[in-house]
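Next comes coords.cif, a file with mmCIF, C-alpha atoms and all ligand atoms.
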data_structure
#
loop_
_atom_site.label_atom_id
_atom_site.label_comp_id
_atom_site.auth_asym_id
_atom_site.auth_seq_id
_atom_site.Cartn_x
_atom_site.Cartn_y
_atom_site.Cartn_z
CA MET A 23 8.39 3.12 -23.88
CA SER A 24 6.82 4.10 -27.18
CA GLU A 25 3.52 5.48 -25.93
CA LYS A 26 3.65 9.26 -25.57
CA LEU A 27 2.88 10.34 -22.01
CA SER A 28 -0.24 12.48 -21.92
CA PHE A 29 -1.80 14.71 -19.30
CA GLN A 30 -5.14 15.00 -21.06
CA ASP A 31 -7.85 15.94 -18.53
CA ARG A 32 -5.24 16.30 -15.80
CA VAL A 33 -4.72 19.45 -13.74
CA ALA A 34 -1.27 20.33 -12.44
CA ILE A 35 -0.07 22.93 -9.96
CA VAL A 36 3.54 24.04 -10.26
CA THR A 37 4.73 26.38 -7.50
CA GLY A 38 7.38 28.97 -8.23
CA ALA A 39 6.71 28.52 -11.94
CA GLY A 40 7.41 32.11 -12.98
CA GLY A 41 10.97 31.26 -14.05
CA GLY A 42 13.76 28.70 -13.96
CA LEU A 43 12.80 25.07 -13.35
CA GLY A 44 9.16 25.75 -12.48
CA ARG A 45 8.53 27.54 -15.77
CA SER A 46 10.11 24.65 -17.66
CA HIS A 47 8.00 22.04 -15.75
CA ALA A 48 4.82 24.06 -16.41
CA LEU A 49 5.55 24.41 -20.12
CA LEU A 50 6.20 20.67 -20.59
CA LEU A 51 3.14 19.58 -18.62
CA ALA A 52 0.98 22.04 -20.59
CA GLN A 53 2.50 20.89 -23.86
CA ARG A 54 1.47 17.32 -22.93
CA GLY A 55 -2.12 18.43 -22.34
CA ALA A 56 -2.27 19.33 -18.64
CA LYS A 57 -4.22 22.34 -17.49
CA VAL A 58 -1.64 24.15 -15.40
CA VAL A 59 -1.79 26.50 -12.43
CA VAL A 60 1.32 28.63 -12.78
CA ASN A 61 2.00 29.81 -9.25
CA ASP A 62 4.59 32.48 -8.49
CA LEU A 63 4.47 35.41 -6.15
CA GLY A 64 7.26 37.16 -8.04
CA GLY A 65 10.16 38.65 -6.18
CA ASP A 66 13.92 38.44 -6.08
CA ARG A 67 15.88 35.27 -5.44
CA ALA A 68 16.25 36.03 -1.72
CA GLY A 69 12.50 36.48 -1.32
CA ARG A 70 13.04 39.96 0.10
CA SER A 71 11.10 41.99 -2.44
CA GLY A 72 8.03 40.41 -3.92
CA GLY A 73 4.58 40.87 -5.25
CA SER A 74 5.25 41.22 -8.97
CA ALA A 75 2.48 39.31 -10.74
CA SER A 76 4.26 39.59 -14.06
CA MET A 77 6.44 36.45 -13.73
CA ALA A 78 3.56 33.97 -13.51
CA ASP A 79 1.50 35.98 -16.02
CA ALA A 80 4.30 35.84 -18.60
CA VAL A 81 4.53 32.03 -18.34
CA VAL A 82 0.75 31.70 -18.68
CA GLU A 83 0.91 33.84 -21.81
CA GLU A 84 3.71 31.66 -23.19
CA ILE A 85 1.65 28.50 -22.57
CA ARG A 86 -1.46 30.01 -24.16
CA ASN A 87 0.53 31.18 -27.17
CA LEU A 88 1.63 27.57 -27.65
CA GLY A 89 -2.00 26.43 -27.58
CA GLY A 90 -1.98 25.19 -23.99
CA THR A 91 -4.23 25.91 -21.01
CA ALA A 92 -2.99 27.69 -17.91
CA VAL A 93 -3.98 30.11 -15.21
CA ALA A 94 -1.74 32.34 -13.11
CA ASP A 95 -1.75 32.30 -9.33
CA HIS A 96 0.14 34.82 -7.22
CA HIS A 97 -0.23 33.47 -3.69
CA SER A 98 2.79 32.75 -1.53
CA VAL A 99 3.39 29.12 -0.60
CA ASP A 100 4.75 30.10 2.78
CA THR A 101 1.41 30.51 4.57
CA VAL A 102 -1.45 28.06 5.05
CA GLU A 103 -3.86 30.63 3.58
CA GLY A 104 -1.63 31.23 0.54
CA ALA A 105 -1.39 27.49 -0.12
CA GLU A 106 -5.14 27.10 0.17
CA GLY A 107 -5.49 30.00 -2.27
CA ILE A 108 -3.28 28.20 -4.81
CA VAL A 109 -5.37 25.04 -4.61
CA ALA A 110 -8.59 27.08 -4.75
CA THR A 111 -7.33 28.56 -8.04
CA ALA A 112 -6.99 25.02 -9.43
CA ILE A 113 -10.38 23.85 -8.16
CA ASP A 114 -12.27 27.04 -9.10
CA THR A 115 -10.72 27.23 -12.58
CA PHE A 116 -10.36 23.58 -13.59
CA GLY A 117 -12.42 21.62 -11.03
CA ARG A 118 -9.72 19.21 -9.85
CA VAL A 119 -6.04 18.74 -9.07
CA ASP A 120 -4.03 15.69 -10.10
CA VAL A 121 -0.42 16.81 -9.96
CA LEU A 122 1.52 19.01 -7.58
CA VAL A 123 5.10 20.05 -8.22
CA ASN A 124 6.48 21.79 -5.13
CA ASN A 125 9.25 23.87 -6.61
CA ALA A 126 9.10 27.42 -5.18
CA GLY A 127 12.26 28.49 -3.45
CA ILE A 128 14.59 31.24 -2.32
CA LEU A 129 18.24 31.43 -1.28
CA ARG A 130 19.81 33.33 1.60
CA ASP A 131 23.32 31.93 1.74
CA ALA A 132 25.80 32.78 4.52
CA SER A 133 28.25 30.76 6.57
CA PHE A 134 26.65 29.54 9.81
CA ALA A 135 28.76 32.04 11.77
CA LYS A 136 27.10 34.87 9.85
CA MET A 137 23.62 33.40 9.35
CA ALA A 138 20.94 35.72 10.74
CA PRO A 139 18.12 33.81 12.47
CA GLU A 140 15.59 35.49 10.16
CA ASP A 141 17.47 34.23 7.08
CA PHE A 142 17.41 30.71 8.52
CA ARG A 143 13.70 30.90 9.26
CA SER A 144 12.70 32.46 5.93
CA VAL A 145 14.38 29.71 3.94
CA LEU A 146 12.78 27.01 6.11
CA ARG A 147 9.42 28.76 5.72
CA VAL A 148 9.44 28.98 1.92
CA HIS A 149 10.99 25.59 1.12
CA LEU A 150 9.88 23.25 3.90
CA GLU A 151 6.70 24.88 5.19
CA GLY A 152 5.78 25.90 1.62
CA THR A 153 6.02 22.26 0.51
CA VAL A 154 4.02 21.12 3.54
CA ASN A 155 1.39 23.86 3.13
CA VAL A 156 0.58 23.17 -0.52
CA SER A 157 0.72 19.39 -0.01
CA ARG A 158 -1.74 19.74 2.87
CA ALA A 159 -4.06 21.85 0.72
CA VAL A 160 -4.14 19.34 -2.18
CA TRP A 161 -4.30 16.28 0.09
CA PRO A 162 -8.08 16.09 0.69
CA HIS A 163 -8.75 16.55 -3.05
CA MET A 164 -6.31 13.83 -4.04
CA ARG A 165 -7.58 11.48 -1.32
CA ALA A 166 -11.16 11.99 -2.46
CA ALA A 167 -10.16 11.34 -6.08
CA GLY A 168 -8.02 8.31 -5.15
CA TYR A 169 -5.32 9.75 -7.38
CA GLY A 170 -2.40 12.13 -7.10
CA ARG A 171 1.19 12.67 -8.10
CA ILE A 172 3.38 14.93 -5.96
CA ILE A 173 6.96 15.84 -6.85
CA ASN A 174 8.93 17.67 -4.20
CA THR A 175 12.21 19.47 -4.77
CA THR A 176 15.25 18.88 -2.58
CA SER A 177 18.86 19.65 -3.40
CA GLY A 178 22.33 18.16 -3.30
CA ALA A 179 22.96 20.61 -0.44
CA GLY A 180 20.13 19.05 1.56
CA LEU A 181 21.33 15.53 0.84
CA TYR A 182 25.06 15.99 1.20
CA GLY A 183 25.75 19.46 2.67
CA ASN A 184 27.25 22.58 1.14
CA PHE A 185 29.21 25.49 2.57
CA GLY A 186 27.10 28.55 3.32
CA GLN A 187 23.77 26.76 3.10
CA THR A 188 22.85 25.49 6.59
CA ASN A 189 19.40 27.08 6.25
CA TYR A 190 18.79 25.73 2.76
CA SER A 191 20.24 22.29 3.59
CA ALA A 192 18.03 21.98 6.69
CA ALA A 193 14.95 22.92 4.66
CA LYS A 194 15.81 20.60 1.77
CA ALA A 195 16.64 17.65 4.07
CA GLY A 196 13.33 18.33 5.83
CA ILE A 197 11.59 18.00 2.48
CA VAL A 198 13.16 14.54 2.05
CA GLY A 199 11.90 13.33 5.44
CA PHE A 200 8.48 14.85 4.87
CA SER A 201 8.22 13.29 1.41
CA ARG A 202 9.31 9.82 2.51
CA THR A 203 6.56 9.69 5.12
CA LEU A 204 3.99 11.36 2.86
CA ALA A 205 4.83 8.68 0.29
CA VAL A 206 4.10 5.96 2.85
CA GLU A 207 0.76 7.54 3.74
CA GLY A 208 -0.21 8.41 0.16
CA ALA A 209 0.60 5.16 -1.66
CA PRO A 210 -2.48 3.21 -0.48
CA LYS A 211 -4.61 6.04 -1.93
CA ASN A 212 -2.67 6.08 -5.20
CA ILE A 213 -1.10 9.40 -4.26
CA LEU A 214 2.51 8.86 -5.21
CA VAL A 215 5.15 11.17 -3.79
CA ASN A 216 8.71 11.39 -5.12
CA VAL A 217 11.60 13.80 -4.76
CA ILE A 218 14.01 15.40 -7.20
CA ALA A 219 17.38 16.99 -6.47
CA PRO A 220 17.92 19.03 -9.63
CA LEU A 221 20.87 20.85 -11.09
CA ALA A 222 19.90 23.50 -13.58
CA ALA A 223 20.74 26.87 -15.01
CA SER A 224 18.56 29.46 -13.30
CA ARG A 225 18.90 32.72 -11.45
CA LEU A 226 19.71 30.66 -8.34
CA THR A 227 22.79 29.16 -10.00
CA GLU A 228 23.93 31.92 -12.38
CA ASP A 229 26.71 32.98 -10.00
CA VAL A 230 27.94 29.44 -9.17
CA MET A 231 27.99 27.87 -12.65
CA SER A 232 30.53 28.72 -15.34
CA GLU A 233 29.12 29.97 -18.65
CA GLU A 234 29.76 26.53 -20.18
CA LEU A 235 27.90 24.70 -17.38
CA PHE A 236 25.10 27.25 -17.45
CA LYS A 237 24.51 26.48 -21.16
CA LYS A 238 24.59 22.72 -20.59
CA PHE A 239 22.27 22.57 -17.59
CA GLU A 240 19.04 23.45 -19.36
CA PRO A 241 16.05 23.10 -16.98
CA GLU A 242 14.28 21.01 -19.63
CA TYR A 243 16.51 18.03 -18.75
CA VAL A 244 14.96 18.08 -15.26
CA SER A 245 11.40 18.65 -16.43
CA ALA A 246 11.48 15.50 -18.57
CA LEU A 247 11.81 13.30 -15.44
CA VAL A 248 9.31 15.46 -13.55
CA ALA A 249 6.78 14.79 -16.31
CA PHE A 250 7.36 11.03 -15.98
CA LEU A 251 6.98 11.13 -12.19
CA ALA A 252 3.84 13.26 -12.60
CA ASN A 253 2.21 10.88 -15.05
CA GLU A 254 -0.23 8.07 -14.32
CA VAL A 255 2.15 5.48 -15.79
CA CYS A 256 4.59 6.13 -12.96
CA THR A 257 4.18 3.71 -10.05
CA LEU A 258 7.26 4.79 -8.07
CA HIS A 259 6.92 6.42 -4.70
CA GLY A 260 9.29 7.57 -1.97
CA GLN A 261 12.17 7.76 -4.45
CA ILE A 262 14.79 10.46 -4.75
CA PHE A 263 16.45 11.33 -8.05
CA GLU A 264 19.48 13.51 -8.63
CA LEU A 265 19.49 14.98 -12.14
CA GLY A 266 20.70 17.75 -14.36
CA GLY A 267 22.40 18.52 -17.68
CA GLY A 268 21.72 15.00 -18.98
CA TYR A 269 22.69 13.13 -15.77
CA TYR A 270 19.98 11.02 -14.08
CA ALA A 271 20.57 8.93 -10.95
CA ARG A 272 18.65 7.47 -8.04
CA VAL A 273 19.74 8.55 -4.58
CA ALA A 274 19.49 5.79 -1.97
CA LEU A 275 19.39 6.01 1.82
CA ILE A 276 21.42 3.03 2.96
CA GLU A 277 22.86 1.59 6.16
CA SER A 278 25.86 -0.66 6.51
CA GLU A 279 25.12 -4.22 7.64
CA GLY A 280 26.61 -3.09 10.94
CA ILE A 281 27.75 -5.22 13.85
CA VAL A 282 25.90 -6.87 16.71
CA VAL A 283 27.31 -7.16 20.23
CA ASP A 284 25.90 -9.15 23.15
CA SER A 285 26.50 -6.66 25.96
CA ILE A 286 27.03 -2.91 26.29
CA PRO A 287 30.45 -2.25 24.76
CA SER A 288 33.04 0.20 25.99
CA PRO A 289 33.74 3.27 23.80
CA GLU A 290 37.19 1.75 23.13
CA GLU A 291 35.70 -1.47 21.76
CA LEU A 292 33.53 0.57 19.37
CA ALA A 293 36.51 2.70 18.37
CA ASP A 294 38.35 -0.54 17.49
CA ARG A 295 35.44 -1.72 15.34
CA ILE A 296 34.45 1.60 13.76
CA ASP A 297 35.66 0.54 10.28
CA GLU A 298 33.54 -2.62 10.49
CA ILE A 299 30.51 -0.56 11.63
CA SER A 300 31.06 1.88 8.75
CA ASP A 301 31.69 -0.68 6.03
CA ILE A 302 29.09 -0.29 3.29
CA SER A 303 30.45 -2.94 0.92
CA THR A 304 27.17 -4.67 1.78
CA PHE A 305 24.24 -2.61 2.98
CA LEU A 306 20.55 -2.35 3.77
CA GLU A 307 18.20 0.01 1.97
CA PRO A 308 15.10 0.08 4.20
CA ALA A 309 12.00 1.33 2.39
CA ARG A 310 10.51 2.54 5.68
CA ALA A 311 11.47 2.98 9.35
CA ASP A 312 9.37 -0.03 10.43
CA VAL A 313 11.13 -2.22 7.86
CA LEU A 314 14.43 -1.10 9.35
CA LEU A 315 13.23 -1.90 12.87
CA ALA A 316 12.21 -5.40 11.78
CA LYS A 317 15.70 -5.91 10.30
CA VAL A 318 17.39 -4.70 13.47
CA ASN A 319 15.22 -6.99 15.59
CA GLN A 320 16.11 -9.89 13.32
CA LYS A 321 19.83 -9.15 13.64
CA LEU A 322 19.46 -8.98 17.43
CA GLY A 323 17.61 -12.30 17.36
CA LEU A 324 14.45 -10.73 18.82
N1 LIG A 401 18.78 25.44 -10.14
C1 LIG A 401 19.39 24.46 -9.47
O1 LIG A 401 20.48 23.99 -9.85
C2 LIG A 401 18.76 23.89 -8.24
C3 LIG A 401 19.50 22.97 -7.50
C4 LIG A 401 18.91 22.35 -6.40
C5 LIG A 401 17.61 22.68 -6.07
N2 LIG A 401 16.92 23.62 -6.80
C6 LIG A 401 15.56 23.92 -6.38
O2 LIG A 401 14.72 23.99 -7.51
C7 LIG A 401 13.65 24.91 -7.25
C8 LIG A 401 13.56 25.92 -8.38
O3 LIG A 401 14.73 26.70 -8.38
P1 LIG A 401 15.25 27.54 -9.65
O4 LIG A 401 16.69 27.22 -9.76
O5 LIG A 401 14.39 27.33 -10.82
O6 LIG A 401 15.16 29.04 -9.09
P2 LIG A 401 14.20 30.27 -9.45
O7 LIG A 401 14.59 31.38 -8.50
O8 LIG A 401 14.28 30.57 -10.90
O9 LIG A 401 12.76 29.71 -9.14
C9 LIG A 401 12.15 29.76 -7.90
C10 LIG A 401 10.81 30.46 -8.06
O10 LIG A 401 10.08 30.39 -6.85
C11 LIG A 401 9.38 31.61 -6.69
N3 LIG A 401 9.07 31.80 -5.27
C12 LIG A 401 9.92 32.14 -4.27
N4 LIG A 401 9.26 32.23 -3.11
C13 LIG A 401 7.96 31.93 -3.38
C14 LIG A 401 6.79 31.83 -2.57
N5 LIG A 401 6.85 32.09 -1.26
N6 LIG A 401 5.62 31.49 -3.16
C15 LIG A 401 5.55 31.24 -4.49
N7 LIG A 401 6.63 31.33 -5.31
C16 LIG A 401 7.82 31.67 -4.75
C17 LIG A 401 10.32 32.68 -7.22
O11 LIG A 401 9.65 33.87 -7.57
C18 LIG A 401 10.96 31.95 -8.40
O12 LIG A 401 10.29 32.24 -9.63
C19 LIG A 401 13.95 25.51 -5.88
O13 LIG A 401 13.24 24.80 -4.90
C20 LIG A 401 15.43 25.29 -5.71
O14 LIG A 401 15.82 25.26 -4.37
C21 LIG A 401 17.47 24.22 -7.88
#
Taking this structure as input, can you express it in the form of structure tokens?
Amino acid sequence: MSEKLSFQDRVAIVTGAGGGLGRSHALLLAQRGAKVVVNDLGGDRAGRSGGSASMADAVVEEIRNLGGTAVADHHSVDTVEGAEGIVATAIDTFGRVDVLVNNAGILRDASFAKMAPEDFRSVLRVHLEGTVNVSRAVWPHMRAAGYGRIINTTSGAGLYGNFGQTNYSAAKAGIVGFSRTLAVEGAPKNILVNVIAPLAASRLTEDVMSEELFKKFEPEYVSALVAFLANEVCTLHGQIFELGGGYYARVALIESEGIVVDSIPSPEELADRIDEISDISTFLEPARADVLLAKVNQKLGL
């Protein structure tokens, strides 16, 4: 593609854009002409202390110094009112909203044996409910405009699992399910929803990445794909991409071709055929649950 992707006359909201990946997304979108709402409530990485406006303000200043247009927003994504406040900032300041990047997040890692219920709930609230809240708040505006691009942020932990992150994995997997259905509902209105599972140097990863990895995994690698997914040239929806440090891949949800039996089998019969059931040398990749159901019916001869 030779044409430079532009966000002229487009308005983008990036949540949690006071640092890390969100800051990088906001800077790139602004550099390409978007008017950007830089949302961040401030606070530490566990979301325990908060309320410092300076993080979002500093990114807005950076964007303005580079000749871009941005406004800071300090609401929390984790309440319906906060999310409505974020979208009101976009509408009141710039009159519209075209792009939403749901990126805000916190970490409260502990093995499941030691996970306090409040630490489970807080992580679900910020990641999953935060994504739902801000999506809900932009939805009527995007539907009315017949245009929208939403990029939600999951994680390898949500897709594949990771020790010490049951709360985070549950929230991030929830974001995948939410996004897949939102993509189905949004596509007819030209509101395209996709998901990224990034890997990047940030305060969330400074204690798990070596110094060498930390240098390599610049957030800008991730933002480049976010900008494509956020642009009007992108026609993809319901897709999941894993990316970081120069690696870009599509994540697929697949099912093996499976087996079909004519009558209720015994557990022993299934145990005998478990390798056949599990074999993914050929597979289905259903775009939606109803497509899967149609395939299953076909296999069953119904
Ligand atoms: N860095 C990685 O390798 C990695 C990997 C997988 C997923 N992610 C996801 O990417 C996103 C960005 O993470 P990051 O690594 O840049 O971390 P980060 O801590 O630098 O960024 C998260 C930002 O969200 C803000 N935030 C937290 N709670 C908020 C709330 N309630 N309302 C508004 N803002 C809030 C924080 O202040 C922070 O600036 C997160 O969703 C994270 O889970 C990151």
Residue contacts of Gly65 in chain A (12 Å, all atoms listed in the file) excluding same-chain residues fewer than 4 positions away, as a list in words: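 These residues fall inside the cut-off: Gly38, Gly40, Gly41, Gly69, Arg70, Ser71, Gly72, Gly73, Ser74, Ala75, Ser76, Met77, Ala78, His96, His97, Ser98, Ala126, Gly127, Ile128, Leu129 and Arg225 of chain A.
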Pick from A:Val102, A:Phe200, A:Asn184, A:Ala166, whichever lies nearest to Gly152 in chain A using all atoms listed in the file: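 Looking at the shortest contact to Gly152 in chain A, the residue is A:Val102.
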Ligand LIG 401 (chain A) neighbours within 6 Å using all atoms listed in the file, as a ChimeraX atom specification: /A:37-44,62-65,67,69,98-100,125-128,148,175-177,219-227
Radius query 10 Å about (-10.9, 22.2, -13.4), atoms used: all atoms listed in the file, as number ranges by chain: A: 31-34, 57-58, 111-119
Answer as a ChimeraX atom specification, residues within 8 Å of (12.3, 3.3, 2.8) using only C-alpha atoms: /A:202,260,275,307-311,313
Near-Ala249 in chain A list (12 Å; only C-alpha atoms; drop same-chain fewer than 2 positions) as a ChimeraX atom specification: /A:26-29,34,36,44,46-56,121-123,171-173,216,218,242-247,251-256
Within 12 Å of Trp161 in chain A using only C-alpha atoms, minus same-chain residues under 3 positions, as a VMD selection string: chain A and resid 105 to 106 109 118 to 122 153 to 158 164 to 172 204 to 205 207 to 208 211 to 215
Emit the selected residues as a PDB file, in the coordinates of the input, including C-alpha atoms.
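Wrote result.pdb, looks like this:
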ATOM      1  CA  ALA A 105      -1.390  27.490  -0.120  1.00  0.00           C
ATOM      2  CA  GLU A 106      -5.140  27.100   0.170  1.00  0.00           C
ATOM      3  CA  VAL A 109      -5.370  25.040  -4.610  1.00  0.00           C
ATOM      4  CA  ARG A 118      -9.720  19.210  -9.850  1.00  0.00           C
ATOM      5  CA  VAL A 119      -6.040  18.740  -9.070  1.00  0.00           C
ATOM      6  CA  ASP A 120      -4.030  15.690 -10.100  1.00  0.00           C
ATOM      7  CA  VAL A 121      -0.420  16.810  -9.960  1.00  0.00           C
ATOM      8  CA  LEU A 122       1.520  19.010  -7.580  1.00  0.00           C
ATOM      9  CA  THR A 153       6.020  22.260   0.510  1.00  0.00           C
ATOM     10  CA  VAL A 154       4.020  21.120   3.540  1.00  0.00           C
ATOM     11  CA  ASN A 155       1.390  23.860   3.130  1.00  0.00           C
ATOM     12  CA  VAL A 156       0.580  23.170  -0.520  1.00  0.00           C
ATOM     13  CA  SER A 157       0.720  19.390  -0.010  1.00  0.00           C
ATOM     14  CA  ARG A 158      -1.740  19.740   2.870  1.00  0.00           C
ATOM     15  CA  MET A 164      -6.310  13.830  -4.040  1.00  0.00           C
ATOM     16  CA  ARG A 165      -7.580  11.480  -1.320  1.00  0.00           C
ATOM     17  CA  ALA A 166     -11.160  11.990  -2.460  1.00  0.00           C
ATOM     18  CA  ALA A 167     -10.160  11.340  -6.080  1.00  0.00           C
ATOM     19  CA  GLY A 168      -8.020   8.310  -5.150  1.00  0.00           C
ATOM     20  CA  TYR A 169      -5.320   9.750  -7.380  1.00  0.00           C
ATOM     21  CA  GLY A 170      -2.400  12.130  -7.100  1.00  0.00           C
ATOM     22  CA  ARG A 171       1.190  12.670  -8.100  1.00  0.00           C
ATOM     23  CA  ILE A 172       3.380  14.930  -5.960  1.00  0.00           C
ATOM     24  CA  LEU A 204       3.990  11.360   2.860  1.00  0.00           C
ATOM     25  CA  ALA A 205       4.830   8.680   0.290  1.00  0.00           C
ATOM     26  CA  GLU A 207       0.760   7.540   3.740  1.00  0.00           C
ATOM     27  CA  GLY A 208      -0.210   8.410   0.160  1.00  0.00           C
ATOM     28  CA  LYS A 211      -4.610   6.040  -1.930  1.00  0.00           C
ATOM     29  CA  ASN A 212      -2.670   6.080  -5.200  1.00  0.00           C
ATOM     30  CA  ILE A 213      -1.100   9.400  -4.260  1.00  0.00           C
ATOM     31  CA  LEU A 214       2.510   8.860  -5.210  1.00  0.00           C
ATOM     32  CA  VAL A 215       5.150  11.170  -3.790  1.00  0.00           C
TER      33      VAL A 215
END
For CA of Leu150 in chain A and CA of Ile276 in chain A, the interatomic separation in Å (one decimal): 23.3 Å
Gap from CA of Ile302 in chain A to CA of Ile281 in chain A - Å, one decimal: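 Separation of CA of Ile302 in chain A and CA of Ile281 in chain A: 11.7 Å.
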A:Val160, A:Val198, A:Ile108, A:Ile35 ranked by distance to Val59 in chain A, top pick (using only C-alpha atoms): A:Ile35
